[in-house]
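K.L.:
Below: one structure in structure tokens.
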Amino acid sequence: MKLHGLPIQFLLYLTLSAPLVALAQLPSDIERITTTASRGTSPEAALPLAISTLSDDTLSLLGTTHIEEALKLVAGAGLQKGNGQEYLPALRSPVFTGAGACGGLLTAEDGIPLRAAGFCNVNELFEAHSEMAARLEVLKGPGSVLYGSNAVHGVINVITPDTTTGTGLAGVDTGSFGYQRARFRAGKDWGEQGIGLNASVTRDNGYRQGESVDLQKINLRHRYDGHLVSVTTGFTYSHLNQHTAGYIEGFESYKDEQLARSNSDPDAYRHARAARLWSRFDAAVANGNLTITPYLRDQNMDFRMHFLPGLPYEYNRQQGLGVQSLWKRPLTGDMHVSLGVDAEYTQGALLQFQNEPTEGSAYLAETVPQGKHYDFTVNASLYAPFAELQWQRNNWLATLGLRYERMHYDYTNRMLDGRTRDDGTECGFDGCRYARPPSAEHRFSNASPKLGISYRFAPQLSAYLNLSKGYRAPQATELYRLQREQQVADLESEQAQNVELGLQGQYRQLRIAVALYRMEKKHVIYRDADFFNVDNGRTRHIGAELELQTPLTKQLDLAMAATLAQHTYQHEPMRADTVITGNDIDTAPRSLANVRLGWKLTHNTRLELEWQHVGRYYTEPQNLHEYEGHDLLALRAAWRLSDGLSLIARINNLTDEAYAERADYTAFGGDRYFPGRPRNLLVSANYQW
């Protein structure tokens, strides 16, 4: 029996080999610390909000080739992979689709947002170095005043390791379908100063015809610990060159092995580069601690839009600078205050064009013309002061905060206004598909109050109540990338009201996090039946989440992340003859679960069996078409050959199930899918010093 080119006997040989030291034990009773919720070190259990952390040990055992493989261990997260490094995000939400829906989730690396507010991209997490992260932190819901526009459903923060301490790592990964990856981490510590790097190089030949991924990422870091000020500087660069396999079409076509491996658009690709530079200054100022973090971003991406008629190309870029600031100081023995201002300025540009005439019906050929569709620039500025009071006495902790944010867009159309071809001629039928609004400026102001209360039952176990408001300003693409007869998008900011109850922390050997939430959103932006971008949407999000880790016996342990949620439309029908109020939002599974059973087979060997469940979900708003969901098994084994050398092997999709990473339905194309990979193997060797 083989795993697509790799013999299963190889894994059995490793399992029965000489005794080795067990890896990836369940966590001890050491209190967990988070930085995402406070921009500083804070104990997780005491905070009146939901936050999940995946440690370096957990990430190493997973050997993630895509960040979705790690985030499925977080209750409430439901990312769906596309092809290669592409994905669509979800956190306490349906899967985000549409031009600017990704604005409902903030993604960051080391606390610096990956994209500027107003310029989100659904795939932006592939720019973070999750493959070599020290940990992942996921803040759920609009639970903090530190994050404004885009942090409606939460924050995903990739924390890179401090490589300035002198430790190092060298590792290689090899797997099915020609997967190869090299990893390296090293640093030098001189006491008050240190430098280090963290790098990975990936080559994935892919399961489907014509697909491949070449991905390089590097983090550089410098640390200076002075008497008056400490400065940490980080630089990240990522480069992706991907040949993309698009959707396959036809009801349950993912169950046909030949169709699942096919690629109807072998010319599709994605090429992306991103660089970020930041410095964090920490100093004692005016009886408090002041942190100032200036940063620079430079990003550009070009790709073929294999999901649109005519298969156009897009080129987009962003360059910008910003600063985060935070001053914390005690007011009394029980009360602390945090004050700060965040600001950034970004120059963005987007070009969409099509080299060839559109294939298909006469209607599509006429209304989706060859040539340029959009060509515009947007200069955007953001200014956001915030304040938070924290009161703590005995076992009680209360936080009260407010953030005010003001955004300004200055948009310039570099083509003819309206919905003509790029040479000014009209399209037949009912006109050209793409519409370009005239140059304009837009301003948005929002405030987000927050109240959190927690009570500590035990040294590391707390219950909490969180009342918070989230918002996101319209994204630039929602305002300026219009269709059909729409010439102006008069949009308001999306607003979300969130109520949440939870219990989290550790009691004896049980680590647990339970959350119940209800979120009501208004001014939800979507594209209506006339293809207009409108903001009259209303949605409701109700859910229960459970995360736990506990030993069962001396040899067995259990970890679980489970979600039951319902995400529904609450606004008026899209058309007079279509009622969707009360329907499930498309691509919103009601149930998600990840269960891991660990077995300390000997003193030196650890096995882990994982079950991943994705419940059925509807693939369009009328709830007439659906995907049946799937259940997958994975098996992992870990050994340590010496103090520094370790070996990890993994079988993914153990039972070789035919499933879809993503399913949706379109009125023109019907059911379509990104098929999942069949059974595959990944083996890693690591040496640490």
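Naming works like this for the structure tokens: A, B, ... for the chains as they're shown, residue 1 at the start of each chain, ligands 1 onward in shown order.
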How close does range 303-409 of chain A get to range 79-87 of chain A? List, as a tab-separated table, each residue of range 303-409 of chain A within 12 Å, its nearest atom pair and the distance in Å to one decimal, counting only C-alpha atoms.
P.N.:
residue	atom	partner	partner_atom	distance
A:Phe303	CA	A:Glu86	CA	11.5
A:His306	CA	A:Asn83	CA	11.3
A:Phe307	CA	A:Gly82	CA	11.2
K.L.:
Save out the residues we just selected, C-alpha atoms, as a short mmCIF file (atom, residue, chain, number, x, y, z; two decimals), in the first residue's frame.
P.N.:
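As written to disk, part.cif reads:
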data_model
loop_
_atom_site.label_atom_id
_atom_site.label_comp_id
_atom_site.auth_asym_id
_atom_site.auth_seq_id
_atom_site.Cartn_x
_atom_site.Cartn_y
_atom_site.Cartn_z
CA PHE A 303 -2.95 37.25 -10.70
CA HIS A 306 -9.91 32.46 -12.87
CA PHE A 307 -13.27 32.83 -11.10
#
K.L.:
Can you tell me, as a VMD selection string, which residues in range 242-472 of chain A count as strand (DSSP E or B) by DSSP?
P.N.:
chain A and resid 242 to 243 248 to 249 269 to 285 288 to 304 313 to 330 335 to 354 371 to 393 396 to 413 418 434 to 436 440 to 458 461 to 472
K.L.:
Taking 5 positions as the minimum chain separation for residues in the same chain, which residues sit within 7 Å of Arg203 in chain A when counting only C-alpha atoms? Answer as a list in words.
P.N.:
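Once the adjacent positions are removed, what remains is Tyr179, Gln180, Arg181, Val213, Asp214 and Leu215 of chain A.
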K.L.:
Report as an MDAnalysis selection string all protein, DNA and RNA residues lying within 7 Å of Ala128 in chain A, evaluated on only C-alpha atoms, omitting residues in the same chain fewer than 3 positions from it.
P.N.:
chainID A and resid 109 125 158
K.L.:
Output N, CA, C and O atoms for every residue in the selection just made, as a compact mmCIF listing (two decimals), in the first residue's frame.
P.N.:
# COMPACT_ATOMS: atom_id res chain seq x y z
N GLU A 109 0.78 40.31 11.76
CA GLU A 109 1.99 39.59 12.15
C GLU A 109 2.72 40.46 13.16
O GLU A 109 3.01 41.63 12.90
N LEU A 125 -3.28 36.30 4.63
CA LEU A 125 -2.52 35.56 5.64
C LEU A 125 -1.35 34.79 5.05
O LEU A 125 -0.45 34.37 5.78
N VAL A 158 -0.17 36.38 13.90
CA VAL A 158 0.93 35.43 13.79
C VAL A 158 2.14 36.02 14.51
O VAL A 158 2.62 37.09 14.13
K.L.:
With distances taken over only C-alpha atoms, which of A:Thr160, A:Ser149, A:Thr477, A:Ser381 is nearest to Asn446 in chain A?
P.N.:
A:Ser149
K.L.:
By how many Å are CA of Ala46 in chain A and CA of Trp391 in chain A apart?
P.N.:
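About the pair CA of Ala46 in chain A and CA of Trp391 in chain A: they are 12.2 Å apart.
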K.L.:
So the first atom is CA of Ser684 in chain A and the second is CA of Leu62 in chain A; what is the distance between them in Å, to one decimal place?
P.N.:
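Computing it gives 10.1 Å between the two atoms.
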K.L.:
Near range 440-442 of chain A, within 12 Å and counting only C-alpha atoms, which residues show up once chain neighbours fewer than 4 positions away are dropped, as number ranges by chain?
P.N.:
A: 118, 376-381, 406-413, 417, 436, 473-476, 479-480, 487-493
K.L.:
Within 6 Å of Ala199 in chain A, counting only C-alpha atoms, which residues qualify if same-chain residues fewer than 5 places away don't, as a VMD selection string?
P.N.:
chain A and resid 183 to 184 217 to 218
K.L.:
I need the residues from that last selection saved to file as a short mmCIF file (atom, residue, chain, number, x, y, z; two decimals), in the first residue's frame (with all heavy atoms), if you can.
P.N.:
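Result saved to again.cif:
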data_model
loop_
_atom_site.label_atom_id
_atom_site.label_comp_id
_atom_site.auth_asym_id
_atom_site.auth_seq_id
_atom_site.Cartn_x
_atom_site.Cartn_y
_atom_site.Cartn_z
N ARG A 183 13.74 24.78 6.28
CA ARG A 183 13.51 25.78 7.32
C ARG A 183 14.81 26.03 8.08
O ARG A 183 15.58 25.10 8.33
CB ARG A 183 12.43 25.30 8.29
CG ARG A 183 11.06 25.14 7.65
CD ARG A 183 10.06 24.44 8.55
NE ARG A 183 10.33 23.00 8.63
CZ ARG A 183 10.76 22.37 9.70
NH1 ARG A 183 10.98 23.03 10.83
NH2 ARG A 183 10.97 21.07 9.68
N PHE A 184 15.04 27.29 8.44
CA PHE A 184 16.28 27.64 9.16
C PHE A 184 16.01 28.82 10.08
O PHE A 184 15.33 29.76 9.72
CB PHE A 184 17.39 28.01 8.17
CG PHE A 184 18.71 28.29 8.83
CD1 PHE A 184 19.49 27.25 9.32
CD2 PHE A 184 19.16 29.59 8.97
CE1 PHE A 184 20.70 27.51 9.94
CE2 PHE A 184 20.37 29.86 9.58
CZ PHE A 184 21.16 28.81 10.06
N LYS A 217 9.92 32.91 2.52
CA LYS A 217 9.63 33.89 3.57
C LYS A 217 10.84 34.03 4.48
O LYS A 217 11.54 33.04 4.75
CB LYS A 217 8.42 33.44 4.41
CG LYS A 217 7.12 33.34 3.64
CD LYS A 217 5.97 32.91 4.53
CE LYS A 217 4.68 32.79 3.75
NZ LYS A 217 3.53 32.38 4.60
N ILE A 218 11.05 35.25 4.98
CA ILE A 218 12.16 35.49 5.89
C ILE A 218 11.77 36.56 6.90
O ILE A 218 11.09 37.54 6.55
CB ILE A 218 13.44 35.89 5.13
CG1 ILE A 218 14.63 35.95 6.09
CG2 ILE A 218 13.26 37.20 4.38
CD1 ILE A 218 15.97 36.08 5.38
#
K.L.:
Quick one: which range 522-618 of chain A residues come within 9 Å of range 71-77 of chain A, and what is the nearest atom pair for each with the distance in Å to one decimal, counting only C-alpha atoms, rows ordered by chain and ascending number, as a Markdown table?
P.N.:
| residue | atom | partner | partner_atom | distance |
| --- | --- | --- | --- | --- |
| A:Gly543 | CA | A:Gly76 | CA | 8.4 |
| A:Ala544 | CA | A:Gly76 | CA | 8.5 |
| A:Glu545 | CA | A:Ala75 | CA | 5.7 |
| A:Leu546 | CA | A:Ala75 | CA | 6.4 |
| A:Glu547 | CA | A:Ala75 | CA | 6.4 |
| A:Met560 | CA | A:Leu73 | CA | 7.6 |
| A:Ala561 | CA | A:Ala75 | CA | 4.8 |
| A:Ala562 | CA | A:Ala75 | CA | 5.3 |
| A:Thr563 | CA | A:Ala75 | CA | 5.6 |
| A:Leu564 | CA | A:Gly76 | CA | 8.4 |
| A:Ala565 | CA | A:Gly76 | CA | 8.4 |
| A:Leu592 | CA | A:Ala75 | CA | 7.8 |
| A:Ala593 | CA | A:Ala75 | CA | 7.5 |
| A:Asn594 | CA | A:Leu73 | CA | 6.1 |
| A:Val595 | CA | A:Leu73 | CA | 8.4 |
| A:Gln612 | CA | A:Lys72 | CA | 8.0 |
K.L.:
What does the distance between CA of Arg304 in chain A and CA of Ala663 in chain A come to in Å, to one decimal place?
P.N.:
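These two atoms are separated by 20.2 Å.
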K.L.:
Taking 6 positions as the minimum chain separation for residues in the same chain, which residues sit within 10 Å of Glu478 in chain A when counting only C-alpha atoms? Answer as a short mmCIF file (atom, residue, chain, number, x, y, z; two decimals) with C-alpha atoms, in the first residue's frame.
P.N.:
data_model
loop_
_atom_site.label_atom_id
_atom_site.label_comp_id
_atom_site.auth_asym_id
_atom_site.auth_seq_id
_atom_site.Cartn_x
_atom_site.Cartn_y
_atom_site.Cartn_z
CA GLY A 98 -17.25 39.36 -2.12
CA ALA A 99 -15.10 42.34 -2.91
CA GLY A 100 -14.61 43.66 0.61
CA ALA A 101 -16.13 41.10 2.96
CA GLY A 118 -9.71 49.62 3.63
CA ALA A 489 -21.71 53.61 -4.01
CA ASP A 490 -23.28 55.53 -1.12
CA LEU A 491 -22.21 53.20 1.69
CA ILE A 525 -22.42 45.55 2.52
CA TYR A 526 -23.20 43.13 -0.29
CA ARG A 527 -23.88 43.05 -4.03
CA PHE A 532 -25.18 47.23 -6.99
CA ASN A 533 -22.99 47.48 -3.89
CA VAL A 534 -25.51 48.33 -1.13
#
